[in-house]
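Q: Please find protein28.txt (compact mmCIF, N, CA and C atoms) on the next line:
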```
# COMPACT_ATOMS: atom_id res chain seq x y z
N MET A 1 27.30 13.68 8.58
CA MET A 1 26.75 13.00 9.72
C MET A 1 27.39 11.63 9.81
N GLY A 2 27.70 11.17 11.00
CA GLY A 2 28.33 9.89 11.20
C GLY A 2 27.39 8.75 10.90
N GLU A 3 27.98 7.58 10.76
CA GLU A 3 27.19 6.42 10.43
C GLU A 3 27.48 5.35 11.45
N ARG A 4 26.44 4.62 11.86
CA ARG A 4 26.58 3.51 12.78
C ARG A 4 25.90 2.31 12.16
N SER A 5 26.56 1.17 12.18
CA SER A 5 26.01 -0.01 11.54
C SER A 5 26.19 -1.22 12.44
N VAL A 6 25.09 -1.90 12.70
CA VAL A 6 25.11 -3.11 13.51
C VAL A 6 24.11 -4.08 12.91
N MET A 7 24.47 -5.33 12.79
CA MET A 7 23.53 -6.31 12.27
C MET A 7 22.47 -6.59 13.34
N ALA A 8 21.23 -6.56 12.95
CA ALA A 8 20.14 -6.84 13.87
C ALA A 8 20.04 -8.33 14.12
N ASP A 9 19.72 -8.70 15.37
CA ASP A 9 19.48 -10.11 15.67
C ASP A 9 18.20 -10.54 14.97
N PRO A 10 18.20 -11.72 14.37
CA PRO A 10 16.98 -12.15 13.67
C PRO A 10 15.85 -12.42 14.66
N THR A 11 14.65 -12.05 14.25
CA THR A 11 13.44 -12.35 15.01
C THR A 11 12.58 -13.24 14.14
N PRO A 12 11.55 -13.86 14.70
CA PRO A 12 10.67 -14.69 13.85
C PRO A 12 10.12 -13.91 12.66
N HIS A 13 9.81 -12.61 12.87
CA HIS A 13 9.31 -11.80 11.75
C HIS A 13 10.39 -11.64 10.68
N ASP A 14 11.66 -11.44 11.09
CA ASP A 14 12.75 -11.27 10.14
C ASP A 14 12.93 -12.51 9.28
N GLU A 15 12.67 -13.69 9.85
CA GLU A 15 12.85 -14.91 9.09
C GLU A 15 11.88 -15.00 7.92
N ARG A 16 10.78 -14.26 7.96
CA ARG A 16 9.83 -14.23 6.86
C ARG A 16 10.23 -13.21 5.80
N ARG A 17 11.15 -12.35 6.13
CA ARG A 17 11.54 -11.28 5.21
C ARG A 17 12.35 -11.85 4.06
N GLU A 18 12.17 -11.23 2.90
CA GLU A 18 12.91 -11.64 1.71
C GLU A 18 14.35 -11.13 1.75
N HIS A 19 14.58 -9.98 2.38
CA HIS A 19 15.89 -9.35 2.38
C HIS A 19 16.43 -9.19 3.80
N ARG A 20 17.72 -9.38 3.94
CA ARG A 20 18.39 -9.21 5.23
C ARG A 20 18.31 -7.74 5.65
N ARG A 21 18.04 -7.50 6.91
CA ARG A 21 17.87 -6.14 7.45
C ARG A 21 19.08 -5.80 8.31
N GLU A 22 19.56 -4.57 8.19
CA GLU A 22 20.70 -4.12 8.99
C GLU A 22 20.34 -2.85 9.73
N ASP A 23 20.65 -2.80 11.04
CA ASP A 23 20.48 -1.57 11.81
C ASP A 23 21.57 -0.61 11.37
N VAL A 24 21.18 0.53 10.82
CA VAL A 24 22.15 1.50 10.33
C VAL A 24 21.53 2.90 10.38
N GLU A 25 22.28 3.87 10.87
CA GLU A 25 21.82 5.25 10.95
C GLU A 25 22.42 6.03 9.79
N LEU A 26 21.54 6.44 8.87
CA LEU A 26 21.95 7.21 7.70
C LEU A 26 20.98 8.38 7.52
N SER A 27 21.48 9.47 6.99
CA SER A 27 20.62 10.61 6.68
C SER A 27 19.65 10.22 5.57
N ALA A 28 18.40 10.70 5.71
CA ALA A 28 17.38 10.38 4.72
C ALA A 28 16.38 11.53 4.63
N ARG A 29 15.58 11.51 3.56
CA ARG A 29 14.48 12.45 3.37
C ARG A 29 13.30 11.68 2.81
N VAL A 30 12.11 12.09 3.23
CA VAL A 30 10.87 11.53 2.69
C VAL A 30 10.20 12.63 1.89
N LEU A 31 9.90 12.35 0.61
CA LEU A 31 9.29 13.35 -0.26
C LEU A 31 7.90 12.86 -0.68
N ALA A 32 6.91 13.74 -0.54
CA ALA A 32 5.54 13.45 -0.98
C ALA A 32 4.78 14.76 -1.04
N ASP A 33 3.90 14.83 -2.02
CA ASP A 33 3.01 15.99 -2.14
C ASP A 33 3.76 17.32 -2.09
N GLY A 34 4.93 17.37 -2.72
CA GLY A 34 5.68 18.61 -2.80
C GLY A 34 6.42 19.01 -1.55
N GLU A 35 6.44 18.15 -0.54
CA GLU A 35 7.18 18.49 0.68
C GLU A 35 8.26 17.44 0.94
N ALA A 36 9.32 17.89 1.61
CA ALA A 36 10.43 17.01 1.98
C ALA A 36 10.60 17.07 3.49
N VAL A 37 10.72 15.90 4.12
CA VAL A 37 10.88 15.81 5.56
C VAL A 37 12.20 15.09 5.85
N GLU A 38 13.04 15.72 6.66
CA GLU A 38 14.32 15.12 7.05
C GLU A 38 14.05 13.95 8.00
N ALA A 39 14.87 12.90 7.87
CA ALA A 39 14.70 11.71 8.70
C ALA A 39 16.06 11.03 8.86
N GLN A 40 16.05 9.97 9.65
CA GLN A 40 17.24 9.15 9.83
C GLN A 40 16.81 7.70 9.80
N SER A 41 17.59 6.88 9.11
CA SER A 41 17.24 5.46 9.06
C SER A 41 17.49 4.81 10.41
N VAL A 42 16.64 3.85 10.74
CA VAL A 42 16.81 3.00 11.92
C VAL A 42 17.36 1.67 11.45
N ASN A 43 16.74 1.13 10.39
CA ASN A 43 17.28 -0.06 9.75
C ASN A 43 16.94 -0.03 8.27
N LEU A 44 17.66 -0.86 7.52
CA LEU A 44 17.59 -0.82 6.07
C LEU A 44 17.77 -2.22 5.52
N SER A 45 17.04 -2.52 4.46
CA SER A 45 17.26 -3.75 3.70
C SER A 45 17.11 -3.39 2.24
N GLU A 46 17.41 -4.33 1.39
CA GLU A 46 17.24 -4.10 -0.05
C GLU A 46 15.76 -3.86 -0.38
N GLY A 47 14.87 -4.36 0.47
CA GLY A 47 13.44 -4.26 0.20
C GLY A 47 12.71 -3.14 0.90
N GLY A 48 13.35 -2.49 1.90
CA GLY A 48 12.63 -1.44 2.60
C GLY A 48 13.46 -0.75 3.66
N ILE A 49 12.81 0.15 4.39
CA ILE A 49 13.52 0.98 5.36
C ILE A 49 12.59 1.34 6.51
N LEU A 50 13.16 1.48 7.69
CA LEU A 50 12.46 2.04 8.85
C LEU A 50 13.14 3.36 9.16
N LEU A 51 12.35 4.42 9.22
CA LEU A 51 12.88 5.77 9.44
C LEU A 51 12.36 6.35 10.75
N ALA A 52 13.18 7.19 11.34
CA ALA A 52 12.79 7.97 12.51
C ALA A 52 12.78 9.44 12.10
N GLY A 53 11.77 10.17 12.55
CA GLY A 53 11.67 11.59 12.23
C GLY A 53 10.37 12.15 12.78
N THR A 54 10.03 13.33 12.33
CA THR A 54 8.79 13.96 12.77
C THR A 54 8.06 14.54 11.58
N ASP A 55 6.77 14.68 11.72
CA ASP A 55 5.93 15.32 10.70
C ASP A 55 6.02 14.64 9.33
N PHE A 56 6.01 13.30 9.32
CA PHE A 56 6.03 12.60 8.05
C PHE A 56 4.75 12.88 7.29
N PRO A 57 4.81 12.94 5.95
CA PRO A 57 3.59 13.16 5.17
C PRO A 57 2.63 11.98 5.34
N SER A 58 1.35 12.23 5.13
CA SER A 58 0.34 11.18 5.29
C SER A 58 0.16 10.34 4.02
N ALA A 59 0.90 10.63 2.98
CA ALA A 59 0.78 9.90 1.72
C ALA A 59 1.14 8.42 1.88
N THR A 60 0.54 7.57 1.04
CA THR A 60 0.88 6.15 1.07
C THR A 60 1.99 5.81 0.09
N GLN A 61 2.20 6.66 -0.90
CA GLN A 61 3.28 6.49 -1.87
C GLN A 61 4.25 7.66 -1.68
N VAL A 62 5.52 7.37 -1.47
CA VAL A 62 6.52 8.41 -1.21
C VAL A 62 7.78 8.09 -2.01
N ARG A 63 8.66 9.07 -2.05
CA ARG A 63 10.00 8.86 -2.57
C ARG A 63 10.94 9.05 -1.38
N ILE A 64 11.85 8.11 -1.21
CA ILE A 64 12.80 8.18 -0.11
C ILE A 64 14.18 8.42 -0.69
N GLU A 65 14.82 9.45 -0.20
CA GLU A 65 16.21 9.73 -0.55
C GLU A 65 17.05 9.33 0.65
N ILE A 66 18.13 8.58 0.39
CA ILE A 66 18.97 8.10 1.48
C ILE A 66 20.43 8.24 1.09
N GLU A 67 21.24 8.69 2.05
CA GLU A 67 22.68 8.86 1.81
C GLU A 67 23.40 7.58 2.25
N LEU A 68 23.87 6.82 1.28
CA LEU A 68 24.53 5.55 1.53
C LEU A 68 26.03 5.76 1.67
N ALA A 69 26.44 6.50 2.69
CA ALA A 69 27.85 6.77 2.99
C ALA A 69 28.58 7.23 1.74
N GLU A 70 29.73 6.60 1.44
CA GLU A 70 30.56 7.04 0.31
C GLU A 70 29.91 6.78 -1.05
N ILE A 71 28.84 5.99 -1.09
CA ILE A 71 28.13 5.74 -2.35
C ILE A 71 27.31 6.96 -2.73
N GLY A 72 26.90 7.74 -1.75
CA GLY A 72 26.16 8.98 -2.01
C GLY A 72 24.65 8.82 -1.88
N TRP A 73 23.93 9.86 -2.30
CA TRP A 73 22.47 9.91 -2.19
C TRP A 73 21.83 9.10 -3.30
N HIS A 74 20.78 8.36 -2.93
CA HIS A 74 19.98 7.61 -3.90
C HIS A 74 18.51 7.79 -3.56
N SER A 75 17.66 7.77 -4.60
CA SER A 75 16.22 7.93 -4.44
C SER A 75 15.51 6.65 -4.82
N LEU A 76 14.52 6.28 -4.01
CA LEU A 76 13.73 5.10 -4.29
C LEU A 76 12.25 5.40 -4.05
N ASP A 77 11.41 4.98 -4.97
CA ASP A 77 9.97 5.08 -4.76
C ASP A 77 9.59 4.01 -3.76
N ALA A 78 8.63 4.32 -2.88
CA ALA A 78 8.28 3.37 -1.82
C ALA A 78 6.80 3.50 -1.44
N GLU A 79 6.29 2.42 -0.85
CA GLU A 79 4.95 2.38 -0.30
C GLU A 79 5.07 2.40 1.22
N VAL A 80 4.35 3.30 1.86
CA VAL A 80 4.36 3.35 3.32
C VAL A 80 3.54 2.17 3.83
N VAL A 81 4.17 1.32 4.65
CA VAL A 81 3.46 0.17 5.20
C VAL A 81 3.08 0.40 6.66
N ARG A 82 3.73 1.35 7.33
CA ARG A 82 3.38 1.68 8.71
C ARG A 82 3.90 3.06 9.04
N ALA A 83 3.07 3.86 9.66
CA ALA A 83 3.48 5.16 10.18
C ALA A 83 2.78 5.32 11.52
N ASP A 84 3.54 5.70 12.54
CA ASP A 84 2.91 5.86 13.84
C ASP A 84 3.18 7.26 14.39
N GLY A 85 2.46 7.61 15.41
CA GLY A 85 2.59 8.93 16.01
C GLY A 85 3.86 9.12 16.81
N ASP A 86 4.65 8.07 16.96
CA ASP A 86 5.89 8.16 17.74
C ASP A 86 7.10 8.51 16.87
N GLY A 87 6.87 8.91 15.63
CA GLY A 87 7.97 9.34 14.78
C GLY A 87 8.65 8.23 14.01
N ALA A 88 7.92 7.15 13.69
CA ALA A 88 8.49 6.06 12.90
C ALA A 88 7.68 5.89 11.62
N LEU A 89 8.38 5.60 10.53
CA LEU A 89 7.75 5.34 9.25
C LEU A 89 8.46 4.14 8.63
N ALA A 90 7.70 3.11 8.30
CA ALA A 90 8.24 1.92 7.63
C ALA A 90 7.74 1.94 6.19
N ALA A 91 8.65 1.69 5.26
CA ALA A 91 8.29 1.73 3.85
C ALA A 91 8.93 0.57 3.11
N ARG A 92 8.19 0.06 2.12
CA ARG A 92 8.67 -1.01 1.24
C ARG A 92 9.03 -0.36 -0.10
N PHE A 93 10.25 -0.61 -0.56
CA PHE A 93 10.68 -0.04 -1.83
C PHE A 93 9.92 -0.69 -2.99
N ALA A 94 9.62 0.12 -4.01
CA ALA A 94 8.93 -0.38 -5.19
C ALA A 94 9.76 -1.48 -5.85
N GLU A 95 9.07 -2.46 -6.42
CA GLU A 95 9.77 -3.56 -7.10
C GLU A 95 10.71 -3.03 -8.18
N ALA A 96 10.24 -2.07 -8.93
CA ALA A 96 11.07 -1.45 -9.96
C ALA A 96 11.66 -0.17 -9.37
N ALA A 97 12.51 -0.33 -8.36
CA ALA A 97 13.11 0.84 -7.69
C ALA A 97 13.86 1.69 -8.71
N THR A 98 13.78 2.97 -8.52
CA THR A 98 14.31 3.91 -9.50
C THR A 98 15.78 4.24 -9.26
N GLU A 99 16.42 4.69 -10.32
CA GLU A 99 17.77 5.27 -10.27
C GLU A 99 18.80 4.36 -9.61
N GLY A 100 18.68 3.05 -9.82
CA GLY A 100 19.68 2.13 -9.30
C GLY A 100 19.70 2.02 -7.79
N GLY A 101 18.61 2.35 -7.12
CA GLY A 101 18.58 2.37 -5.66
C GLY A 101 18.85 1.02 -5.02
N ARG A 102 18.21 -0.04 -5.51
CA ARG A 102 18.44 -1.37 -4.93
C ARG A 102 19.88 -1.82 -5.14
N GLU A 103 20.42 -1.54 -6.32
CA GLU A 103 21.82 -1.90 -6.58
C GLU A 103 22.76 -1.14 -5.65
N ALA A 104 22.45 0.12 -5.38
CA ALA A 104 23.28 0.92 -4.46
C ALA A 104 23.20 0.36 -3.05
N ILE A 105 22.03 -0.09 -2.61
CA ILE A 105 21.90 -0.68 -1.29
C ILE A 105 22.70 -1.98 -1.21
N ARG A 106 22.63 -2.81 -2.27
CA ARG A 106 23.44 -4.05 -2.30
C ARG A 106 24.92 -3.71 -2.19
N ALA A 107 25.38 -2.70 -2.93
CA ALA A 107 26.80 -2.31 -2.88
C ALA A 107 27.16 -1.78 -1.50
N PHE A 108 26.26 -1.02 -0.87
CA PHE A 108 26.50 -0.51 0.48
C PHE A 108 26.69 -1.67 1.45
N PHE A 109 25.78 -2.64 1.41
CA PHE A 109 25.90 -3.80 2.29
C PHE A 109 27.17 -4.60 2.00
N ALA A 110 27.50 -4.78 0.74
CA ALA A 110 28.70 -5.55 0.39
C ALA A 110 29.94 -4.88 0.97
N ALA A 111 30.00 -3.55 0.88
CA ALA A 111 31.17 -2.83 1.41
C ALA A 111 31.23 -2.95 2.94
N ARG A 112 30.08 -2.91 3.62
CA ARG A 112 30.04 -2.97 5.07
C ARG A 112 30.32 -4.38 5.60
N LEU A 113 29.79 -5.38 4.91
CA LEU A 113 29.89 -6.75 5.41
C LEU A 113 31.20 -7.42 5.05
N SER A 114 31.91 -6.87 4.07
CA SER A 114 33.19 -7.48 3.69
C SER A 114 34.35 -6.95 4.52
N GLY A 115 34.12 -5.84 5.25
CA GLY A 115 35.20 -5.19 5.99
C GLY A 115 35.29 -5.54 7.39
```
Starting from the file, give its structure as structure tokens.

A:
Amino acid sequence: MGERSVMADPTPHDERREHRREDVELSARVLADGEAVEAQSVNLSEGGILLAGTDFPSATQVRIEIELAEIGWHSLDAEVVRADGDGALAARFAEAATEGGREAIRAFFAARLSG
């Protein structure tokens, strides 16, 4: 699947964020309660993700798998902070993100922003 990346214009809410957010479309999956739901990222930061999809699980704790282009698939434990009926799910990655997920996101951003 192709990838599109554009830096989001900062908003007052973004200025309160700890991590810079980037609009980027990447393949993703949300895993909870033994089910996996395909999704696509809308935006991504080292601290969290906004996903678009359908039939997201109702769980508050999920695992998000995301394909970071040439870096490959990475899994991160996350807390759902917002889910709406319009097919959007916002999640904050766990402080102790698993399997090097935060480091992979940093490397993904470094590769995109240096080029």

Q: Can you pull out every residue within 6 Å of Val30 in chain A, counting only N, CA and C atoms, but drop anything in the same chain fewer than 5 positions away, and send it as a list in words?

A: Glu35, Ala36, Val37, Glu38, Ala39, Arg63, Ile64 and Glu65 of chain A

Q: So that I can check the surroundings of range 52-54 of chain A, please list as a list of chain:residue names every protein, DNA and RNA residue that reaches within 5 Å of it, counting only N, CA and C atoms and ignoring chain neighbours fewer than 3 positions away.

A: A:Ala39, A:Gln40, A:Ser41, A:Val42, A:Gly87, A:Ala88

Q: Which value, in Å to one decimal, gives the distance between atom N of Ala83 in chain A and CA of Ile71 in chain A?

A: 27.9 Å

Q: DSSP on the backbone: which residues in range 14-94 of chain A end up as helix (DSSP H, G or I)? Give the answer as a list in words.

A: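 DSSP-assigned helix (DSSP H, G or I) residues in range 14-94 of chain A: Asp14, Glu15, Ala69, Glu70 and Ile71 of chain A.
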
Q: With N, CA and C atoms retained, could you export that selection as a PDB file, in the frame of the given file?

A:
```
ATOM      1  N   ASP A  14      11.660 -11.440  11.090  1.00  0.00           N
ATOM      2  CA  ASP A  14      12.750 -11.270  10.140  1.00  0.00           C
ATOM      3  C   ASP A  14      12.930 -12.510   9.280  1.00  0.00           C
ATOM      4  N   GLU A  15      12.670 -13.690   9.850  1.00  0.00           N
ATOM      5  CA  GLU A  15      12.850 -14.910   9.090  1.00  0.00           C
ATOM      6  C   GLU A  15      11.880 -15.000   7.920  1.00  0.00           C
ATOM      7  N   ALA A  69      26.440   6.500   2.690  1.00  0.00           N
ATOM      8  CA  ALA A  69      27.850   6.770   2.990  1.00  0.00           C
ATOM      9  C   ALA A  69      28.580   7.230   1.740  1.00  0.00           C
ATOM     10  N   GLU A  70      29.730   6.600   1.440  1.00  0.00           N
ATOM     11  CA  GLU A  70      30.560   7.040   0.310  1.00  0.00           C
ATOM     12  C   GLU A  70      29.910   6.780  -1.050  1.00  0.00           C
ATOM     13  N   ILE A  71      28.840   5.990  -1.090  1.00  0.00           N
ATOM     14  CA  ILE A  71      28.130   5.740  -2.350  1.00  0.00           C
ATOM     15  C   ILE A  71      27.310   6.960  -2.730  1.00  0.00           C
TER      16      ILE A  71
END
```

Q: Residues near Ala94 in chain A, anyone? I mean within 9 Å using only C-alpha atoms, not counting same-chain ones fewer than 5 positions away, as a JSON list (two decimals) with N, CA and C atoms, keeping the file's coordinate frame.

A:
```
[["chain", "number", "residue", "atom", "x", "y", "z"],
["A", 47, "GLY", "N", 14.87, -4.36, 0.47],
["A", 47, "GLY", "CA", 13.44, -4.26, 0.20],
["A", 47, "GLY", "C", 12.71, -3.14, 0.90],
["A", 48, "GLY", "N", 13.35, -2.49, 1.90],
["A", 48, "GLY", "CA", 12.63, -1.44, 2.60],
["A", 48, "GLY", "C", 13.46, -0.75, 3.66],
["A", 76, "LEU", "N", 14.52, 6.28, -4.01],
["A", 76, "LEU", "CA", 13.73, 5.10, -4.29],
["A", 76, "LEU", "C", 12.25, 5.40, -4.05],
["A", 77, "ASP", "N", 11.41, 4.98, -4.97],
["A", 77, "ASP", "CA", 9.97, 5.08, -4.76],
["A", 77, "ASP", "C", 9.59, 4.01, -3.76],
["A", 78, "ALA", "N", 8.63, 4.32, -2.88],
["A", 78, "ALA", "CA", 8.28, 3.37, -1.82],
["A", 78, "ALA", "C", 6.80, 3.50, -1.44],
["A", 79, "GLU", "N", 6.29, 2.42, -0.85],
["A", 79, "GLU", "CA", 4.95, 2.38, -0.30],
["A", 79, "GLU", "C", 5.07, 2.40, 1.22]]
```

Q: Tell me, in Å to one decimal, how far CA of Arg21 in chain A is from CA of Glu46 in chain A.

A: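 Answer for the CA of Arg21 in chain A to CA of Glu46 in chain A separation: 7.8 Å.
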
Q: Can you work out the spacing between CA of Ser45 in chain A and CA of Thr60 in chain A in Å, to one decimal?

A: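 Rounded to one decimal, the two atoms are 19.3 Å apart.
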
Q: Identify, with DSSP run on backbone atoms, the residues in range 60-96 of chain A assigned to strand (DSSP E or B), and express the list as a list of chain:residue names.

A: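 Filtering range 60-96 of chain A down to strand (DSSP E or B) leaves A:Gln61, A:Val62, A:Arg63, A:Ile64, A:Glu65, A:Ile66, A:Glu67, A:Trp73, A:His74, A:Ser75, A:Leu76, A:Asp77, A:Ala78, A:Glu79, A:Val80, A:Val81, A:Arg82, A:Ala83, A:Asp84, A:Ala88, A:Leu89, A:Ala90, A:Ala91, A:Arg92, A:Phe93.
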
Q: Have a look at A:Glu103, A:Asp86, A:Glu67, A:Asp23 and name the one nearest to Asn43 in chain A; count only C-alpha atoms.

A: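 Of all the options, A:Asp23 lies closest to Asn43 in chain A.
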
Q: With only N, CA and C atoms as the atoms that count, which of A:Leu68, A:Ala59, A:Leu31, A:Leu26 lies nearest to Val80 in chain A?

A: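 Residue with the minimum atom-to-atom distance to Val80 in chain A: A:Ala59.
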
Q: Using all atoms listed in the file for the distances, tell me which of A:Phe56, A:Gln61, A:Ser75, A:Ser27 is nearest to Arg102 in chain A.

A: A:Ser75

Q: Measuring atom to atom with only N, CA and C atoms, identify which of A:Ser58, A:Gly85, A:Gly101, A:Phe108 is nearest to Glu70 in chain A.

A: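 Comparing A:Ser58, A:Gly85, A:Gly101, A:Phe108 against Glu70 in chain A, the winner is A:Phe108.
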